[in-house]
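Source file: data.txt. Holds: compact mmCIF, C-alpha atoms and all ligand atoms.
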```txt
# COMPACT_ATOMS: atom_id res chain seq x y z
CA MET A 1 0.00 0.00 0.00
CA ASN A 2 1.22 3.53 -0.81
CA SER A 3 2.08 5.86 2.04
CA TYR A 4 2.21 9.65 1.79
CA CYS A 5 3.51 12.77 3.52
CA LEU A 6 1.19 15.78 3.54
CA ALA A 7 2.17 19.38 2.78
CA THR A 8 -0.15 22.31 3.44
CA TYR A 9 0.46 25.56 1.56
CA ARG A 10 -1.04 29.02 1.75
CA CYS A 11 -1.11 30.44 -1.74
CA TYR A 12 -1.99 34.08 -2.55
CA ASP A 13 -3.29 35.23 -5.91
CA GLU A 14 -5.86 37.83 -6.97
CA LYS A 15 -7.50 35.73 -9.64
CA ALA A 16 -5.89 32.29 -9.99
CA ASP A 17 -7.95 29.12 -10.29
CA PHE A 18 -6.61 27.55 -7.10
CA HIS A 19 -7.96 24.07 -7.95
CA LYS A 20 -5.98 24.15 -11.17
CA LYS A 21 -2.94 25.47 -9.29
CA ALA A 22 -3.22 22.61 -6.75
CA LEU A 23 -3.39 20.01 -9.50
CA GLY A 24 -0.40 21.63 -11.19
CA ILE A 25 1.60 21.27 -7.94
CA ALA A 26 0.51 17.68 -7.32
CA VAL A 27 1.45 16.60 -10.83
CA GLY A 28 4.37 18.97 -11.45
CA LEU A 29 6.26 18.03 -8.29
CA THR A 30 5.78 14.30 -8.82
CA VAL A 31 5.30 12.68 -12.25
CA GLY A 32 5.63 15.91 -14.27
CA SER A 33 2.69 15.38 -16.61
CA TRP A 34 -0.41 13.24 -16.38
CA THR A 35 -3.21 13.87 -18.88
CA GLU A 36 -0.80 13.43 -21.79
CA LEU A 37 0.36 10.01 -20.62
CA PRO A 38 -0.88 6.89 -22.46
CA GLU A 39 -3.27 4.79 -20.32
CA ALA A 40 -0.77 1.96 -19.92
CA GLN A 41 1.84 4.31 -18.53
CA LYS A 42 -0.71 5.94 -16.21
CA ALA A 43 -1.27 2.61 -14.49
CA GLN A 44 2.47 2.31 -13.96
CA MET A 45 2.92 5.91 -12.75
CA GLU A 46 -0.14 6.07 -10.49
CA LYS A 47 1.83 5.22 -7.35
CA HIS A 48 4.19 8.17 -7.99
CA LEU A 49 1.45 10.75 -8.53
CA GLY A 50 0.80 13.45 -5.90
CA LYS A 51 -2.80 13.86 -4.74
CA VAL A 52 -4.77 17.03 -4.13
CA ILE A 53 -6.37 16.45 -0.73
CA SER A 54 -8.13 19.79 -0.24
CA VAL A 55 -8.38 23.33 -1.57
CA GLU A 56 -9.98 25.95 0.69
CA VAL A 57 -10.40 29.28 -1.08
CA HIS A 58 -10.67 32.45 1.02
CA GLU A 59 -12.27 35.27 -0.95
CA PRO A 60 -11.94 38.68 0.73
CA ALA A 61 -15.14 40.67 1.20
CA SER A 62 -15.21 43.06 -1.75
CA SER A 63 -15.59 45.98 0.70
CA ASP A 64 -12.22 45.23 2.34
CA SER A 65 -9.38 46.03 -0.03
CA ALA A 66 -6.75 45.36 2.68
CA LEU A 67 -7.51 41.62 2.67
CA GLU A 68 -5.87 39.38 0.09
CA ARG A 69 -7.35 36.43 -1.75
CA TYR A 70 -5.71 33.14 -0.83
CA ALA A 71 -6.25 29.39 -0.67
CA ASP A 72 -4.99 26.71 1.71
CA ILE A 73 -3.97 23.76 -0.42
CA GLN A 74 -3.12 20.28 0.84
CA ILE A 75 -1.11 17.90 -1.33
CA ALA A 76 -0.14 14.35 -0.40
CA TYR A 77 3.22 13.17 -1.78
CA PRO A 78 3.98 9.45 -2.22
CA ASP A 79 6.86 8.24 -0.03
CA VAL A 80 7.98 6.07 -2.91
CA ASN A 81 9.27 9.25 -4.65
CA TYR A 82 11.87 10.27 -2.04
CA SER A 83 14.36 8.75 0.34
CA ARG A 84 13.64 8.83 4.06
CA ASP A 85 15.48 12.05 4.86
CA ILE A 86 14.48 15.67 5.42
CA PRO A 87 16.37 17.16 2.42
CA ALA A 88 14.63 14.80 0.00
CA LEU A 89 11.22 15.58 1.49
CA LEU A 90 11.80 19.35 1.49
CA VAL A 91 13.09 19.42 -2.07
CA THR A 92 10.04 17.39 -3.15
CA VAL A 93 7.39 19.45 -1.38
CA PHE A 94 8.96 22.91 -1.52
CA GLY A 95 12.00 22.89 -3.77
CA LYS A 96 11.18 24.70 -7.01
CA LEU A 97 7.74 25.57 -5.65
CA SER A 98 9.24 27.89 -3.00
CA MET A 99 10.23 30.25 -5.85
CA ASP A 100 6.95 30.10 -7.72
CA GLY A 101 4.88 33.12 -6.64
CA LYS A 102 3.33 33.97 -3.30
CA ILE A 103 3.27 30.58 -1.64
CA LYS A 104 4.21 29.55 1.91
CA LEU A 105 4.62 26.05 3.34
CA ILE A 106 2.51 26.28 6.49
CA ASP A 107 2.40 22.67 7.69
CA LEU A 108 3.90 19.25 7.12
CA SER A 109 2.76 15.83 8.36
CA PHE A 110 4.56 12.59 7.84
CA SER A 111 3.69 9.00 7.02
CA SER A 112 4.36 6.40 9.69
CA ASP A 113 7.09 4.96 7.47
CA PHE A 114 8.82 8.34 7.09
CA LEU A 115 8.53 9.10 10.84
CA SER A 116 10.03 5.74 11.73
CA GLY A 117 13.36 6.88 10.22
CA PHE A 118 13.72 9.56 12.93
CA PRO A 119 14.50 8.61 16.52
CA GLY A 120 14.02 12.28 17.53
CA PRO A 121 15.64 13.95 20.55
CA LYS A 122 17.91 11.59 22.51
CA PHE A 123 17.28 13.43 25.78
CA GLY A 124 14.38 15.75 25.12
CA MET A 125 12.81 17.87 27.82
CA LYS A 126 12.65 15.08 30.39
CA GLY A 127 16.20 13.92 29.75
CA VAL A 128 17.56 17.45 30.16
CA ARG A 129 15.66 17.82 33.44
CA ASP A 130 16.99 14.44 34.62
CA LEU A 131 20.59 15.50 33.89
CA LEU A 132 20.08 18.65 35.97
CA GLY A 133 17.92 17.03 38.65
CA VAL A 134 15.35 19.85 38.34
CA HIS A 135 11.75 18.81 37.76
CA ASP A 136 9.64 21.35 39.61
CA ARG A 137 10.29 24.69 37.92
CA PRO A 138 11.16 26.30 34.58
CA LEU A 139 14.90 26.22 33.92
CA LEU A 140 17.09 29.30 33.58
CA MET A 141 19.77 29.70 30.92
CA SER A 142 22.40 32.39 30.50
CA ILE A 143 24.23 33.32 27.30
CA PHE A 144 27.89 34.28 27.14
CA LYS A 145 28.22 37.84 25.87
CA SER A 146 31.36 39.61 24.65
CA VAL A 147 33.42 36.52 23.92
CA VAL A 148 34.93 37.23 20.50
CA GLY A 149 38.50 38.53 20.97
CA TYR A 150 38.67 37.55 24.64
CA GLU A 151 41.12 35.08 26.20
CA LEU A 152 40.45 32.03 28.37
CA PRO A 153 40.71 33.73 31.80
CA ALA A 154 38.06 36.28 30.78
CA LEU A 155 35.76 33.49 29.62
CA ARG A 156 36.32 31.51 32.80
CA GLU A 157 35.46 34.54 34.91
CA GLN A 158 32.33 35.26 32.85
CA PHE A 159 31.26 31.63 33.09
CA TYR A 160 31.74 31.57 36.86
CA LEU A 161 29.70 34.75 37.38
CA GLN A 162 26.81 33.36 35.32
CA ALA A 163 26.90 30.02 37.13
CA ALA A 164 27.12 31.60 40.59
CA GLY A 165 23.88 33.48 39.90
CA GLY A 166 21.97 30.18 39.92
CA VAL A 167 21.42 29.47 36.22
CA ASP A 168 20.91 25.85 35.09
CA LEU A 169 22.45 26.13 31.65
CA ILE A 170 25.01 28.39 30.00
CA LYS A 171 25.36 28.56 26.26
CA ASP A 172 28.15 29.87 24.07
CA ASP A 173 27.31 32.82 21.91
CA GLU A 174 26.46 31.39 18.48
CA ILE A 175 29.09 33.63 16.87
CA LEU A 176 31.95 32.04 18.83
CA PHE A 177 33.70 29.71 16.38
CA GLU A 178 36.90 27.71 16.60
CA ASN A 179 39.56 30.33 17.29
CA PRO A 180 43.11 30.51 18.63
CA LEU A 181 42.24 32.48 21.78
CA THR A 182 39.59 30.12 23.15
CA PRO A 183 39.84 26.80 21.29
CA LEU A 184 37.09 24.27 21.96
CA GLU A 185 38.93 21.85 24.26
CA LYS A 186 40.56 24.59 26.35
CA ARG A 187 37.27 26.46 26.56
CA ILE A 188 35.50 23.37 27.83
CA GLU A 189 38.26 22.71 30.35
CA VAL A 190 38.17 26.16 31.94
CA CYS A 191 34.38 26.49 31.81
CA MET A 192 33.77 23.07 33.38
CA GLU A 193 36.27 24.01 36.11
CA ALA A 194 34.31 27.20 36.75
CA ALA A 195 31.07 25.17 36.72
CA ALA A 196 32.46 22.85 39.41
CA GLN A 197 33.55 25.82 41.51
CA ALA A 198 30.12 27.46 41.26
CA SER A 199 28.36 24.16 41.86
CA LYS A 200 30.05 23.82 45.26
CA GLU A 201 28.57 27.18 46.19
CA THR A 202 25.09 26.91 44.67
CA GLY A 203 24.54 23.15 45.07
CA GLN A 204 23.22 23.16 41.48
CA LYS A 205 24.20 21.09 38.47
CA LEU A 206 24.91 22.90 35.23
CA LEU A 207 24.93 22.21 31.50
CA TYR A 208 27.36 24.13 29.30
CA ALA A 209 26.34 24.13 25.62
CA VAL A 210 29.57 24.60 23.72
CA ASN A 211 29.23 25.83 20.12
CA LEU A 212 29.80 23.00 17.64
CA THR A 213 31.31 24.64 14.55
CA GLY A 214 33.56 23.96 11.57
CA PRO A 215 33.24 22.17 8.24
CA THR A 216 30.22 19.85 8.05
CA PHE A 217 32.22 16.66 7.51
CA GLN A 218 34.27 17.29 10.66
CA LEU A 219 31.34 18.05 12.98
CA ALA A 220 30.73 14.55 14.34
CA GLU A 221 34.42 14.16 15.19
CA GLN A 222 34.45 17.66 16.69
CA ALA A 223 31.43 16.76 18.84
CA LYS A 224 33.19 13.62 20.09
CA LYS A 225 36.33 15.64 20.81
CA ALA A 226 34.16 18.02 22.86
CA ILE A 227 32.67 15.08 24.78
CA ARG A 228 36.13 13.65 25.49
CA ALA A 229 37.14 17.09 26.80
CA GLY A 230 34.22 17.02 29.25
CA ALA A 231 31.44 18.89 27.40
CA ASN A 232 27.97 18.10 28.69
CA ALA A 233 25.88 19.83 25.96
CA LEU A 234 26.32 21.17 22.42
CA LEU A 235 25.01 24.31 20.75
CA PHE A 236 24.39 23.94 17.02
CA ASN A 237 23.48 26.48 14.30
CA VAL A 238 21.09 24.08 12.60
CA LEU A 239 19.85 26.23 9.75
CA ALA A 240 23.32 27.16 8.51
CA TYR A 241 24.18 23.45 8.20
CA GLY A 242 20.79 21.88 7.44
CA PHE A 243 18.36 19.61 9.28
CA ASP A 244 20.01 16.48 7.96
CA VAL A 245 23.25 17.39 9.73
CA LEU A 246 21.35 17.75 13.00
CA HIS A 247 19.68 14.41 12.31
CA ALA A 248 23.07 12.76 11.73
CA LEU A 249 24.49 14.20 14.96
CA SER A 250 21.47 13.45 17.12
CA SER A 251 21.22 9.87 15.93
CA ASP A 252 24.94 9.16 16.34
CA PRO A 253 25.19 6.74 19.30
CA GLU A 254 28.57 8.20 20.31
CA ILE A 255 27.15 11.70 20.73
CA THR A 256 25.84 11.21 24.22
CA ILE A 257 25.01 14.76 25.32
CA PRO A 258 22.01 17.03 24.58
CA ILE A 259 21.99 19.18 21.45
CA MET A 260 20.65 22.74 21.62
CA ALA A 261 19.41 24.19 18.31
CA HIS A 262 20.09 27.87 17.65
CA PRO A 263 17.70 29.63 15.20
CA ALA A 264 20.34 31.79 13.44
CA MET A 265 19.14 32.49 9.86
CA ALA A 266 15.53 31.53 10.61
CA GLY A 267 14.50 35.11 9.84
CA ALA A 268 15.35 34.45 6.19
CA VAL A 269 12.63 31.79 6.10
CA TYR A 270 9.59 32.23 8.36
CA PRO A 271 8.51 35.90 8.88
CA SER A 272 6.86 36.69 5.53
CA PRO A 273 3.14 35.88 5.25
CA HIS A 274 3.66 35.11 1.54
CA TYR A 275 6.94 33.19 1.28
CA GLY A 276 9.08 30.66 3.09
CA MET A 277 8.03 28.18 5.75
CA SER A 278 5.97 28.73 8.88
CA ALA A 279 7.86 29.11 12.16
CA SER A 280 6.10 26.04 13.56
CA VAL A 281 7.43 23.85 10.74
CA LEU A 282 10.92 25.38 10.69
CA LEU A 283 11.58 25.82 14.40
CA GLY A 284 9.05 23.30 15.68
CA LYS A 285 8.33 20.13 13.74
CA LEU A 286 11.57 19.85 11.75
CA MET A 287 13.79 20.65 14.75
CA ARG A 288 12.07 17.97 16.84
CA LEU A 289 12.05 15.44 14.04
CA ALA A 290 15.76 16.03 13.42
CA GLY A 291 16.49 15.45 17.10
CA ALA A 292 17.04 18.83 18.83
CA ASP A 293 16.76 18.39 22.60
CA ILE A 294 16.45 22.13 23.21
CA VAL A 295 15.23 24.73 20.66
CA LEU A 296 15.73 28.51 20.79
CA PHE A 297 13.42 30.92 18.98
CA PRO A 298 12.30 34.56 19.38
CA SER A 299 9.59 35.36 21.92
CA PRO A 300 6.64 37.76 21.47
CA TYR A 301 7.98 40.06 24.20
CA GLY A 302 11.70 40.81 23.88
CA SER A 303 13.95 42.54 21.36
CA VAL A 304 13.48 40.17 18.40
CA VAL A 305 9.76 39.50 18.36
CA MET A 306 7.43 37.04 16.69
CA PRO A 307 3.62 37.05 16.87
CA ARG A 308 2.29 35.22 19.95
CA GLU A 309 0.19 32.74 17.90
CA GLU A 310 3.34 31.66 16.02
CA ASN A 311 5.20 31.32 19.32
CA LEU A 312 2.45 29.10 20.71
CA ALA A 313 2.43 27.06 17.50
CA ILE A 314 6.18 26.37 17.90
CA LYS A 315 5.58 25.44 21.54
CA HIS A 316 2.84 23.03 20.47
CA ALA A 317 5.01 21.43 17.78
CA LEU A 318 7.88 20.92 20.24
CA LEU A 319 5.80 19.60 23.12
CA THR A 320 2.70 17.89 21.81
CA GLU A 321 2.27 14.26 22.85
CA ASP A 322 -0.53 13.75 20.35
CA LEU A 323 1.77 12.85 17.46
CA ARG A 324 -1.02 10.95 15.75
CA LYS A 325 -2.95 14.18 15.38
CA ASP A 326 -0.14 16.63 14.70
CA TYR A 327 2.70 14.71 13.01
CA LEU A 328 1.19 11.61 11.43
CA TYR A 329 -0.54 11.49 8.05
CA GLY A 330 -2.44 8.33 7.24
CA GLU A 331 -2.99 5.15 9.19
CA SER A 332 -0.46 3.50 11.45
CA SER A 333 -0.61 0.47 13.71
CA ILE A 334 2.65 1.64 15.32
CA GLU A 335 2.39 4.44 17.87
CA PRO A 336 4.58 7.33 16.65
CA ARG A 337 7.14 8.45 19.24
CA LEU A 338 9.33 11.55 19.52
CA ALA A 339 10.54 12.94 22.85
CA ALA A 340 9.47 16.56 23.45
CA SER A 341 12.08 19.24 22.68
CA PHE A 342 12.57 21.87 25.41
CA PRO A 343 11.27 25.29 24.17
CA VAL A 344 13.41 28.42 24.76
CA PRO A 345 11.74 31.74 23.79
CA SER A 346 14.66 34.16 23.65
CA ALA A 347 16.20 37.54 22.75
CA GLY A 348 15.96 40.65 24.88
CA ILE A 349 14.49 38.74 27.82
CA HIS A 350 14.62 40.42 31.25
CA PRO A 351 13.04 39.48 34.60
CA GLY A 352 10.02 41.73 34.00
CA LEU A 353 8.96 39.42 31.14
CA VAL A 354 9.03 36.22 33.17
CA PRO A 355 5.30 36.27 34.17
CA LEU A 356 4.28 36.55 30.49
CA ILE A 357 6.61 33.73 29.43
CA LEU A 358 5.36 31.45 32.20
CA ARG A 359 1.76 32.35 31.37
CA ASP A 360 2.37 31.11 27.80
CA PHE A 361 4.59 28.10 28.54
CA GLY A 362 3.80 27.06 32.11
CA GLY A 363 6.71 25.12 33.61
CA ASP A 364 7.78 23.57 30.30
CA VAL A 365 10.22 26.28 29.33
CA ILE A 366 13.80 27.46 29.62
CA VAL A 367 13.94 31.17 30.44
CA ASN A 368 16.99 32.47 28.57
CA ALA A 369 18.89 35.76 28.70
CA GLY A 370 22.20 37.31 27.77
CA GLY A 371 21.94 41.08 28.16
CA GLY A 372 19.21 40.66 30.77
CA ILE A 373 21.74 38.89 33.01
CA HIS A 374 25.07 40.58 32.22
CA GLY A 375 23.44 44.02 32.00
CA HIS A 376 22.12 43.93 35.58
CA PRO A 377 23.39 47.08 37.35
CA MET A 378 24.51 45.00 40.37
CA GLY A 379 26.51 42.61 38.15
CA THR A 380 26.15 39.25 36.44
CA ILE A 381 25.59 37.19 39.61
CA ALA A 382 22.76 39.50 40.64
CA GLY A 383 21.43 39.21 37.07
CA GLY A 384 20.96 35.45 37.45
CA GLN A 385 19.53 35.85 40.94
CA ALA A 386 16.97 38.41 39.75
CA PHE A 387 15.71 35.91 37.15
CA ARG A 388 15.48 33.11 39.70
CA GLN A 389 13.53 35.45 41.98
CA ALA A 390 11.17 36.41 39.14
CA ILE A 391 10.56 32.71 38.43
CA ASP A 392 9.97 31.97 42.14
CA ALA A 393 7.57 34.91 42.49
CA THR A 394 5.56 33.83 39.45
CA LEU A 395 5.37 30.20 40.62
CA LYS A 396 4.16 31.44 44.03
CA ASP A 397 1.55 33.56 42.27
CA GLN A 398 3.00 36.73 43.74
CA SER A 399 3.43 39.95 41.81
CA LEU A 400 7.00 40.81 40.84
CA ARG A 401 6.61 44.17 42.59
CA ASP A 402 5.62 42.59 45.92
CA TYR A 403 8.34 39.97 45.71
CA ALA A 404 10.92 42.61 44.78
CA SER A 405 10.28 44.49 48.03
CA THR A 406 12.27 41.77 49.85
CA HIS A 407 14.59 40.85 46.93
CA PRO A 408 16.92 43.73 45.99
CA GLU A 409 18.27 42.02 42.84
CA LEU A 410 14.77 41.70 41.39
CA GLN A 411 13.95 45.25 42.49
CA LYS A 412 16.98 46.59 40.64
CA ALA A 413 16.07 44.60 37.51
CA ILE A 414 12.55 46.02 37.55
CA ASP A 415 13.91 49.56 38.06
CA THR A 416 16.15 48.98 35.03
CA TRP A 417 13.88 47.19 32.55
CA GLY A 418 10.37 47.51 33.98
CA ILE A 419 7.61 44.91 33.97
CA LYS A 420 5.60 44.13 30.84
CA GLU A 421 1.94 43.47 31.67
C1 LIG A 501 16.56 35.08 18.52
S1 LIG A 501 16.67 33.75 19.63
C2 LIG A 501 18.42 33.64 20.02
C3 LIG A 501 18.78 34.36 21.24
C4 LIG A 501 20.25 34.46 21.43
O1 LIG A 501 21.01 33.62 21.00
C5 LIG A 501 20.82 35.58 22.14
O2 LIG A 501 22.04 35.72 22.16
C6 LIG A 501 19.95 36.54 22.86
O3 LIG A 501 20.71 37.42 23.64
P1 LIG A 501 20.02 38.52 24.53
O4 LIG A 501 21.15 39.37 25.05
O5 LIG A 501 19.10 39.29 23.65
O6 LIG A 501 19.29 37.84 25.64
```

Exercise: express the given structure as structure tokens:
Amino acid sequence: MNSYCLATYRCYDEKADFHKKALGIAVGLTVGSWTELPEAQKAQMEKHLGKVISVEVHEPASSDSALERYADIQIAYPDVNYSRDIPALLVTVFGKLSMDGKIKLIDLSFSSDFLSGFPGPKFGMKGVRDLLGVHDRPLLMSIFKSVVGYELPALREQFYLQAAGGVDLIKDDEILFENPLTPLEKRIEVCMEAAAQASKETGQKLLYAVNLTGPTFQLAEQAKKAIRAGANALLFNVLAYGFDVLHALSSDPEITIPIMAHPAMAGAVYPSPHYGMSASVLLGKLMRLAGADIVLFPSPYGSVVMPREENLAIKHALLTEDLRKDYLYGESSIEPRLAASFPVPSAGIHPGLVPLILRDFGGDVIVNAGGGIHGHPMGTIAGGQAFRQAIDATLKDQSLRDYASTHPELQKAIDTWGIKE
């Protein structure tokens, strides 16, 4: 029996016949031509032919010239046409088509057979919590800032100050590549030393996501070198390398530490209403499928913003347990399984935004800040403490203002950045 993956597109056009357009996609991206084929060949090609599943046309009210005419089109693509990897699927469903007018890939679902080729996150949200021994609150992550051009002692000091403030994870800045001042193995050595020092004082465990960089074909070896040097997490610029590289790393049995996906370059793909891929496909479904344990993306509230509905759609794609409903297309007797990826809404986050983030994500979130920690007027340690206090206040259902009256670090953060209601 044939199995299919399903692509959903939003296509804008003032006057197109969307049913004809849909048929053109289904045929054009699979067998190329259909009606011209002799009957005998049709029988042979049938299993390769894409199918139009639905076309929903949205005509704007003639009185509203601001609204555009569009259609949501669903096409099912036969698995037999592509190998079981993300590049093959993406080139099939949105290769040439991505350049053909105002059309955006807004959703993807996968056949059971396709899904079965993806083990997903090795650790996922639960595994990351288990490593840290923290199960009862959102986690807090800090980002190294000002690292390019600095030497190891400066990095060690910055790492220690972040760790001593009570954060659970520290990540490299994504622009820190292999360099002579702070090479990977040395960086790991001094940062893990600083982590151990801070751990004695805070009693907390800590994950340090070191940036995995370099030529694609050396990445797996570089990751193993990092593990041998003592790394306990990896940061990875997924979109610069491609989802298949993440898939290869996450499914490598010798890469035994969590992988954190950075969204660098995502802005070239998801923000337009007319072009590219939706944020929930790019930073949600495909990241989880390819095996990211932790996924960063912009929040609706900080310095790099994304609409709240899109943020919640990413959250849903990363966390949903109902894979039958949200990931699977077609029947399956096998229960689809993918561990949840930990969501990390980021960029320009400060303690005054914590109540909004926890309102949207509940406890299933990593609160993440760079400038919002290092920029604290009382210093980096106080920056971490202010965030932990904001999280505690929100979990206790207390207002940040009330809680700040007995917590000077939080008070100072609020004086500096305010509270967003
Ligand atoms: C756009 S999500 C990535 C966030 C990130 O990597 C970062 O460095 C944010 O730093 P900030 O100082 O804005 O917290």

Please identify every polymer residue within 6 Å of ligand LIG 501 (chain A), using all atoms listed in the file, and present the set as a compact mmCIF listing (two decimals) with C-alpha atoms, in the coordinates of the input.
```txt
# COMPACT_ATOMS: atom_id res chain seq x y z
CA LEU A 296 15.73 28.51 20.79
CA PHE A 297 13.42 30.92 18.98
CA PRO A 298 12.30 34.56 19.38
CA VAL A 304 13.48 40.17 18.40
CA SER A 346 14.66 34.16 23.65
CA ALA A 347 16.20 37.54 22.75
CA GLY A 348 15.96 40.65 24.88
CA ILE A 349 14.49 38.74 27.82
CA ALA A 369 18.89 35.76 28.70
CA GLY A 370 22.20 37.31 27.77
CA GLY A 371 21.94 41.08 28.16
CA GLY A 372 19.21 40.66 30.77
```

Contacts of region 287-371 of chain A with region 92-115 of chain A up to 6 Å, shortest pair per row, only C-alpha atoms, as CSV:
```
residue,atom,partner,partner_atom,distance
A:Tyr327,CA,A:Ser109,CA,4.8
A:Leu328,CA,A:Phe110,CA,5.0
A:Tyr329,CA,A:Ser111,CA,5.0
A:Ser332,CA,A:Ser112,CA,5.9
```

*How many Å separate CA of Tyr270 (chain A) from CA of Asp79 (chain A)?*
25.6 Å

*CA of Pro343 (chain A) to CA of Leu410 (chain A): how many Å, to one decimal?*
24.0 Å

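Among A:Gln218, A:Gln385, A:Thr202, A:Asn237, the residue with the shortest atom-to-atom distance to Pro263 (chain A), counting all atoms listed in the file, is A:Asn237.
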
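Checking A:Arg129, A:His262, A:Lys122, A:Arg228 one by one against Ile175 (chain A), counting all atoms listed in the file, you find the shortest gap at A:His262.
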
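Residue nearest Ala313 (chain A), chosen from A:Leu207, A:Ile391, A:Ala279, A:Ala194 and counting all atoms listed in the file: A:Ala279.
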
*Residues within 7 Å of Leu206 (chain A), only C-alpha atoms, excluding chain neighbours under 6 positions, as a VMD selection string*: chain A and resid 132 168 to 169 195

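With all atoms listed in the file taken into account, the protein and nucleic acid residues at most 6 Å from Ile75 (chain A) (excluding it and anything under 6 positions from it in its own chain) are Leu6, Ala7, Lys51, Val52 and Ile53 of chain A.
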
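When only C-alpha atoms are used to compute distances to Leu395 (chain A), the closest of the residues A:Arg359, A:Lys315, A:Arg324, A:Lys126 turns out to be A:Arg359.
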
*Please measure the separation of CA of Glu221 (chain A) and CA of Asp252 (chain A), giving the value in Å to one decimal.*
10.8 Å
